[in-house]
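Dropping upload31.cif in here (mmCIF, C-alpha atoms):
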data_my_file
#
loop_
_atom_site.label_atom_id
_atom_site.label_comp_id
_atom_site.auth_asym_id
_atom_site.auth_seq_id
_atom_site.Cartn_x
_atom_site.Cartn_y
_atom_site.Cartn_z
CA MET A 1 0.00 0.00 0.00
CA ASN A 2 1.49 3.33 -1.06
CA GLU A 3 1.92 6.19 1.40
CA THR A 4 -0.80 8.42 -0.09
CA LEU A 5 -3.46 5.69 0.10
CA LYS A 6 -2.37 4.75 3.61
CA ARG A 7 -2.63 8.38 4.71
CA ALA A 8 -6.05 8.78 3.09
CA LEU A 9 -7.47 5.63 4.70
CA SER A 10 -6.18 6.37 8.20
CA GLY A 11 -7.43 9.97 7.89
CA ALA A 12 -10.88 8.77 6.80
CA VAL A 13 -11.10 6.33 9.72
CA TYR A 14 -10.08 9.10 12.13
CA VAL A 15 -12.72 11.54 10.79
CA VAL A 16 -15.52 8.95 10.80
CA LEU A 17 -14.62 7.79 14.32
CA LEU A 18 -14.34 11.35 15.64
CA LEU A 19 -17.54 12.73 14.14
CA GLY A 20 -19.45 9.50 14.77
CA CYS A 21 -18.63 9.36 18.49
CA ILE A 22 -19.34 13.07 19.00
CA SER A 23 -22.70 12.76 17.22
CA TYR A 24 -23.83 9.59 18.98
CA SER A 25 -23.80 10.65 22.64
CA LYS A 26 -21.82 12.46 25.32
CA GLU A 27 -20.77 9.05 26.67
CA SER A 28 -19.29 7.93 23.35
CA LEU A 29 -17.47 11.28 23.11
CA ALA A 30 -16.13 10.74 26.64
CA VAL A 31 -14.91 7.22 25.83
CA LEU A 32 -13.20 8.32 22.60
CA PHE A 33 -11.41 11.29 24.14
CA GLY A 34 -10.54 9.21 27.17
CA LEU A 35 -8.77 6.80 24.83
CA PHE A 36 -7.15 9.70 22.97
CA LEU A 37 -5.98 11.06 26.33
CA LEU A 38 -4.24 7.83 27.34
CA ILE A 39 -2.45 7.63 23.99
CA GLY A 40 -1.60 11.34 24.13
CA VAL A 41 -0.15 11.01 27.64
CA TYR A 42 2.00 8.11 26.47
CA GLU A 43 3.27 10.16 23.51
CA PHE A 44 3.99 13.21 25.66
CA CYS A 45 5.80 11.09 28.26
CA LYS A 46 8.05 9.68 25.54
CA MET A 47 8.88 13.16 24.22
CA ALA A 48 9.32 14.70 27.68
CA GLN A 49 11.04 11.65 29.20
CA LEU A 50 8.45 11.12 31.93
CA ASN A 51 7.37 7.94 33.66
CA TYR A 52 4.25 6.81 31.79
CA TYR A 53 3.58 3.92 34.21
CA VAL A 54 2.62 6.60 36.75
CA SER A 55 1.32 9.29 34.37
CA ILE A 56 -1.17 7.21 32.38
CA PRO A 57 -3.13 5.82 35.37
CA LEU A 58 -3.25 9.23 37.11
CA ALA A 59 -4.40 10.99 33.94
CA GLY A 60 -7.00 8.28 33.39
CA LEU A 61 -8.35 8.66 36.92
CA ALA A 62 -8.52 12.45 36.65
CA TYR A 63 -10.41 12.13 33.38
CA TYR A 64 -12.82 9.54 34.81
CA PHE A 65 -13.78 11.72 37.78
CA LEU A 66 -13.90 15.09 35.97
CA TRP A 67 -15.23 14.59 32.43
CA ASP A 68 -18.86 15.02 33.52
CA LYS A 69 -18.45 17.84 36.08
CA SER A 70 -19.30 20.82 33.88
CA ASN A 71 -22.28 21.74 36.07
CA ASP A 72 -19.98 22.37 39.04
CA ILE A 73 -19.15 25.94 38.11
CA GLN A 74 -16.54 26.48 40.84
CA LEU A 75 -14.64 23.31 39.94
CA LYS A 76 -14.99 24.11 36.25
CA THR A 77 -13.62 27.63 36.79
CA PHE A 78 -10.64 26.25 38.75
CA ILE A 79 -9.85 23.72 36.01
CA ILE A 80 -10.14 26.27 33.20
CA VAL A 81 -7.99 28.88 34.98
CA GLY A 82 -5.34 26.20 35.62
CA ALA A 83 -5.28 25.25 31.94
CA ILE A 84 -5.07 28.90 30.84
CA LEU A 85 -2.12 29.56 33.16
CA ILE A 86 -0.27 26.57 31.70
CA SER A 87 -1.14 27.79 28.19
CA ILE A 88 0.36 31.19 28.98
CA LYS A 89 3.53 29.49 30.21
CA LEU A 90 3.68 27.57 26.92
CA LEU A 91 3.32 30.80 24.95
CA PHE A 92 6.35 32.21 26.78
CA TYR A 93 8.13 28.96 25.95
CA LEU A 94 7.18 29.29 22.27
CA PHE A 95 8.39 32.88 21.95
CA SER A 96 11.54 32.34 23.99
CA LEU A 97 14.70 32.69 21.91
CA GLN A 98 16.52 30.30 24.19
CA LYS A 99 16.22 26.51 24.07
CA THR A 100 14.27 26.03 27.28
CA THR A 101 14.84 22.86 29.28
CA PHE A 102 11.98 22.22 31.67
CA THR A 103 12.56 20.70 35.09
CA SER A 104 10.93 17.36 35.82
CA SER A 105 8.25 18.96 38.00
CA THR A 106 7.41 21.49 35.26
CA ARG A 107 7.09 18.69 32.70
CA TYR A 108 4.60 16.91 34.96
CA LEU A 109 2.74 20.20 35.36
CA LEU A 110 2.57 20.49 31.58
CA LEU A 111 1.30 16.93 31.41
CA VAL A 112 -1.62 18.00 33.60
CA GLY A 113 -2.37 21.45 32.16
CA TYR A 114 -1.42 20.98 28.51
CA ILE A 115 -2.56 17.37 27.96
CA THR A 116 -4.93 16.04 30.62
CA ILE A 117 -7.14 19.06 31.37
CA PRO A 118 -7.82 19.99 27.71
CA PHE A 119 -9.08 16.47 27.02
CA ILE A 120 -11.42 16.82 30.00
CA LEU A 121 -12.55 20.27 28.85
CA THR A 122 -13.37 18.96 25.36
CA ASN A 123 -16.40 17.26 26.92
CA TYR A 124 -17.54 20.58 28.40
CA VAL A 125 -17.47 22.34 25.01
CA ALA A 126 -20.32 20.17 23.70
CA LEU A 127 -22.69 21.17 26.51
CA GLY A 128 -25.05 24.00 25.63
CA LYS A 129 -27.90 25.60 27.54
CA LYS A 130 -30.20 22.67 26.68
CA GLY A 131 -27.73 19.92 27.51
CA TYR A 132 -25.51 17.90 25.19
CA ASN A 133 -25.27 19.49 21.75
CA PRO A 134 -22.79 17.71 19.46
CA LYS A 135 -23.18 20.41 16.80
CA ILE A 136 -21.16 22.83 18.96
CA LEU A 137 -18.06 20.65 19.17
CA ILE A 138 -18.38 19.44 15.57
CA SER A 139 -18.56 23.08 14.42
CA ILE A 140 -15.42 23.99 16.37
CA ILE A 141 -13.56 21.03 14.88
CA ILE A 142 -14.73 22.03 11.38
CA LEU A 143 -13.46 25.56 12.06
CA ILE A 144 -10.06 24.17 13.08
CA TRP A 145 -9.91 22.11 9.89
CA THR A 146 -11.01 25.15 7.85
CA ASN A 147 -8.27 27.27 9.41
CA ASP A 148 -5.60 24.62 8.75
CA THR A 149 -6.74 24.04 5.17
CA PHE A 150 -7.01 27.67 4.06
CA ALA A 151 -3.88 28.76 5.95
CA TYR A 152 -2.05 26.10 3.92
CA LEU A 153 -3.70 26.98 0.58
CA VAL A 154 -3.33 30.75 0.93
CA GLY A 155 0.20 30.40 2.28
CA LYS A 156 1.25 28.06 -0.52
CA ASN A 157 -0.08 30.34 -3.27
CA PHE A 158 0.42 33.82 -1.83
CA GLY A 159 2.73 33.47 1.19
CA LYS A 160 5.91 35.52 1.18
CA ASN A 161 6.51 36.51 4.80
CA LYS A 162 7.39 33.77 7.27
CA LEU A 163 5.23 33.59 10.40
CA PHE A 164 7.58 31.67 12.71
CA PRO A 165 10.54 30.35 10.69
CA SER A 166 12.52 29.05 13.68
CA VAL A 167 9.76 26.56 14.53
CA SER A 168 7.71 26.07 11.35
CA PRO A 169 9.45 27.34 8.19
CA LYS A 170 6.41 26.72 5.95
CA LYS A 171 3.89 28.87 7.83
CA THR A 172 3.42 32.41 6.52
CA ILE A 173 1.71 35.57 7.72
CA GLU A 174 -0.41 35.60 4.55
CA GLY A 175 -1.47 32.00 5.22
CA PHE A 176 -2.39 32.84 8.79
CA MET A 177 -4.53 35.80 7.70
CA GLY A 178 -6.18 33.67 5.02
CA GLY A 179 -7.02 31.10 7.68
CA VAL A 180 -8.61 33.78 9.87
CA VAL A 181 -10.76 35.16 7.03
CA PHE A 182 -12.05 31.80 5.79
CA THR A 183 -12.61 30.53 9.34
CA CYS A 184 -14.78 33.58 10.05
CA ILE A 185 -16.75 32.93 6.85
CA ALA A 186 -17.19 29.26 7.78
CA SER A 187 -18.26 30.26 11.27
CA VAL A 188 -21.00 32.55 9.96
CA LEU A 189 -22.30 29.79 7.67
CA LEU A 190 -22.20 27.14 10.40
CA SER A 191 -23.93 29.35 12.95
CA LYS A 192 -26.68 30.30 10.50
CA PHE A 193 -27.38 27.03 8.68
CA TYR A 194 -26.05 24.24 10.96
CA ILE A 195 -26.30 25.42 14.55
CA GLU A 196 -29.11 27.87 13.69
CA SER A 197 -27.87 30.39 16.23
CA THR A 198 -29.25 33.92 16.27
CA ILE A 199 -26.23 35.34 18.14
CA LEU A 200 -23.70 35.79 15.35
CA TYR A 201 -21.02 37.66 17.31
CA ILE A 202 -20.42 34.67 19.61
CA TRP A 203 -19.44 32.49 16.68
CA LEU A 204 -17.28 35.19 15.15
CA VAL A 205 -15.37 35.44 18.44
CA ILE A 206 -15.06 31.65 18.50
CA ALA A 207 -13.72 31.72 14.92
CA ILE A 208 -11.01 34.24 15.90
CA ILE A 209 -10.12 32.21 19.01
CA VAL A 210 -9.86 29.08 16.86
CA SER A 211 -7.66 30.72 14.20
CA ILE A 212 -5.23 32.26 16.68
CA PHE A 213 -4.91 29.47 19.22
CA SER A 214 -5.04 26.51 16.84
CA THR A 215 -2.09 28.05 15.00
CA LEU A 216 -0.24 28.62 18.28
CA GLY A 217 -1.05 25.07 19.42
CA ASP A 218 0.43 23.67 16.23
CA LEU A 219 3.57 25.80 16.68
CA ILE A 220 3.98 24.70 20.32
CA GLN A 221 3.72 21.04 19.34
CA SER A 222 6.24 21.64 16.55
CA LYS A 223 8.68 23.20 19.02
CA PHE A 224 8.23 20.29 21.44
CA LYS A 225 9.11 17.87 18.64
CA ARG A 226 12.12 19.93 17.55
CA VAL A 227 13.47 20.04 21.10
CA ALA A 228 12.80 16.30 21.52
CA GLY A 229 14.43 15.58 18.16
CA VAL A 230 11.47 13.67 16.70
CA LYS A 231 9.45 14.10 13.51
CA ASP A 232 6.10 12.96 14.96
CA SER A 233 4.74 12.51 18.47
CA GLY A 234 3.84 8.89 17.63
CA ASN A 235 2.91 6.56 14.78
CA ILE A 236 -0.57 5.32 15.67
CA MET A 237 -2.05 6.95 12.53
CA PRO A 238 -0.15 5.88 9.39
CA GLY A 239 0.88 8.91 7.40
CA HIS A 240 -0.37 11.32 10.07
CA GLY A 241 1.82 10.63 13.09
CA GLY A 242 0.48 10.41 16.62
CA ILE A 243 -2.63 11.54 18.46
CA LEU A 244 -0.93 14.76 19.61
CA ASP A 245 0.01 15.53 16.00
CA ARG A 246 -3.68 15.35 15.05
CA LEU A 247 -5.11 17.01 18.15
CA ASP A 248 -2.48 19.65 18.96
CA SER A 249 -4.73 22.44 17.69
CA ILE A 250 -7.83 21.16 19.49
CA ILE A 251 -6.19 20.73 22.89
CA PHE A 252 -4.75 24.25 22.80
CA VAL A 253 -7.97 25.85 21.56
CA VAL A 254 -10.35 24.12 23.98
CA PRO A 255 -9.24 25.91 27.21
CA PHE A 256 -9.72 29.31 25.54
CA ILE A 257 -13.15 28.34 24.19
CA ASN A 258 -14.11 27.28 27.71
CA LEU A 259 -12.73 30.57 29.08
CA PHE A 260 -14.95 32.45 26.61
CA TYR A 261 -17.96 30.37 27.76
CA LEU A 262 -17.05 31.18 31.36
CA ILE A 263 -16.89 34.91 30.67
CA LEU A 264 -20.31 34.76 28.99
CA TYR A 265 -21.67 32.86 32.02
CA TYR A 266 -20.39 35.38 34.57
CA VAL A 267 -21.46 38.49 32.64
CA SER A 268 -24.91 37.21 31.67
#
Could I get this file's structure written as structure tokens?
Amino acid sequence: MNETLKRALSGAVYVVLLLGCISYSKESLAVLFGLFLLIGVYEFCKMAQLNYYVSIPLAGLAYYFLWDKSNDIQLKTFIIVGAILISIKLLFYLFSLQKTTFTSSTRYLLLVGYITIPFILTNYVALGKKGYNPKILISIIILIWTNDTFAYLVGKNFGKNKLFPSVSPKKTIEGFMGGVVFTCIASVLLSKFYIESTILYIWLVIAIIVSIFSTLGDLIQSKFKRVAGVKDSGNIMPGHGGILDRLDSIIFVVPFINLFYLILYYVS
């Protein structure tokens, strides 16, 4: 089997599994992302040289007890703020000109805030005012794919100025801006015809959050791999790499989407 066909088949299986589990029920979403979490923790432990015999069970337990706690607003706020603080630390790491070497305790902290909590928070994204609404999470994932696709297409055809050459030489400023524009267009169409929302500005804000933080999430994962000296985080998906390679944008976007939800909750 040639590489292109292998990549196409594994990508198709991933998309069908992802959208199918999200659409079916909140429990099937929880099971799928619980499995993704365990694989993602294993991949991160290999890159960061952490003990996965300890990390995987602890991450699994945290996920089991917290995936369905979105109604506990105080706990939810604490979890989201923790994830955002770790994300800010990772942004400093990304923009640092020095080759940062994290201490062992910091790497375990990243395992919690960068890997474990975002997988938990993914379950919270799909919960609307009327309960579980798979269209919300599916729309956000479509927006991430839209941003990636049009950032690539616009960058390939019109890109001249490098966005972050030290980490990702192929990304351009023109590609990034193209991703933002087309993600906003996709967001308007999804909100009007798929979600049938009457509050357009919320989905425009979500589109901007997705474009900015999915790009940053991809860059952070790229820097992790460069520092670790690996091409991919894993090889579970032929032609696509590991789970973290596929979900790096999602896990960095999700805390900021939840933060936006939280702001709307407190100001409403």
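Across A:Ser222, A:Thr149, A:Ser139, A:Asn235, the tightest approach to Ala207 (chain A) is made by A:Ser139 when counting all atoms listed in the file.
Reported to one decimal place, the separation of CA of Lys223 (chain A) from CA of Val167 (chain A) is 5.7 Å.
Atom pair CA of Leu17 (chain A) / CA of Leu32 (chain A) has a distance of 8.4 Å (rounded to one decimal).
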Ala48 (chain A) proximity check over A:Phe224, A:Phe150, A:Phe213, A:Trp67, using only C-alpha atoms: winner is A:Phe224
Selected by the PyMOL selection byres ((chain A and resi 143) around 7) in the shown coordinates: which residues, as a tab-separated table (two decimals) with C-alpha atoms, in the frame of the given file?
chain	number	residue	atom	x	y	z
A	139	SER	CA	-18.56	23.08	14.42
A	140	ILE	CA	-15.42	23.99	16.37
A	141	ILE	CA	-13.56	21.03	14.88
A	142	ILE	CA	-14.73	22.03	11.38
A	144	ILE	CA	-10.06	24.17	13.08
A	145	TRP	CA	-9.91	22.11	9.89
A	146	THR	CA	-11.01	25.15	7.85
A	147	ASN	CA	-8.27	27.27	9.41
A	183	THR	CA	-12.61	30.53	9.34
A	186	ALA	CA	-17.19	29.26	7.78
A	187	SER	CA	-18.26	30.26	11.27
A	207	ALA	CA	-13.72	31.72	14.92
A	210	VAL	CA	-9.86	29.08	16.86
Practice item. Kindly resolve the PyMOL selection byres ((chain A and resi 249) around 6) on the present coordinates and return the residues as a list in words. Key: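 Taken on the displayed file, the PyMOL selection byres ((chain A and resi 249) around 6) yields the residues Ser214, Gly217, Asp218, Leu247, Asp248, Ile250, Ile251 and Phe252 of chain A.
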For the structure provided, state which residues fall under the PyMOL selection byres ((chain A and resi 173) around 10), and present them as an mmCIF file with C-alpha atoms, in the coordinates of the input.
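Result file is selection28.cif:
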data_model
loop_
_atom_site.group_PDB
_atom_site.id
_atom_site.type_symbol
_atom_site.label_atom_id
_atom_site.label_comp_id
_atom_site.auth_asym_id
_atom_site.auth_seq_id
_atom_site.Cartn_x
_atom_site.Cartn_y
_atom_site.Cartn_z
ATOM 1 C CA ALA A 151 -3.880 28.760 5.950
ATOM 2 C CA VAL A 154 -3.330 30.750 0.930
ATOM 3 C CA GLY A 155 0.200 30.400 2.280
ATOM 4 C CA PHE A 158 0.420 33.820 -1.830
ATOM 5 C CA GLY A 159 2.730 33.470 1.190
ATOM 6 C CA LYS A 160 5.910 35.520 1.180
ATOM 7 C CA ASN A 161 6.510 36.510 4.800
ATOM 8 C CA LYS A 162 7.390 33.770 7.270
ATOM 9 C CA LEU A 163 5.230 33.590 10.400
ATOM 10 C CA PHE A 164 7.580 31.670 12.710
ATOM 11 C CA LYS A 171 3.890 28.870 7.830
ATOM 12 C CA THR A 172 3.420 32.410 6.520
ATOM 13 C CA GLU A 174 -0.410 35.600 4.550
ATOM 14 C CA GLY A 175 -1.470 32.000 5.220
ATOM 15 C CA PHE A 176 -2.390 32.840 8.790
ATOM 16 C CA MET A 177 -4.530 35.800 7.700
ATOM 17 C CA GLY A 178 -6.180 33.670 5.020
ATOM 18 C CA GLY A 179 -7.020 31.100 7.680
#
Note to self: Can you measure CA of Gly11 (chain A) to CA of Leu153 (chain A) for me? One decimal in Å is fine.
What the structure shows: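 Interatomic distance, CA of Gly11 (chain A) to CA of Leu153 (chain A): 18.9 Å.
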(Q) At a cut-off of 9 Å, using only C-alpha atoms, what residues contact region 18-31 of chain A? Leave out same-chain residues fewer than 3 positions from it and give the result as an NGL selection string. (A) :A and (13-15 or 34-36 or 63-64 or 67-68 or 120 or 122-123 or 126-127 or 132-135 or 137-138)
Item checked: Of the listed residues A:Val227, A:Ile212, A:Val254, A:Leu259, that which approaches Gln49 (chain A) most closely, counting all atoms listed in the file ->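 Of all the options, A:Val227 lies closest to Gln49 (chain A).
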Quiz prompt | Polymer residues at most 12 Å from Ser70 (chain A), all atoms listed in the file, same-chain spacing of 5 or more positions, as a list of chain:residue names | solution =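 Near neighbours after the sequence-gap exclusion: A:Phe65, A:Leu75, A:Lys76, A:Thr77, A:Phe78, A:Ile79, A:Ile80, A:Ile120, A:Leu121, A:Thr122, A:Asn123, A:Tyr124, A:Val125, A:Ala126, A:Leu127, A:Gly128, A:Lys129, A:Gly131, A:Tyr132, A:Asn258, A:Tyr261, A:Leu262.
If you count all atoms listed in the file and ignore residues fewer than 4 places along the chain from Leu244 (chain A), what sits within 8 Å of it is Gly40, Glu43, Phe44, Gln221, Ser233, Gly234 and Asp248 of chain A.
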*Taking (5.2, 21.7, 33.0) in the file's coordinates as the center, which residues reach within 12 Å of it, counting only C-alpha atoms, put as a PyMOL selection string?*
chain A and resi 44-45+48+50+82-83+85-90+93+100-116
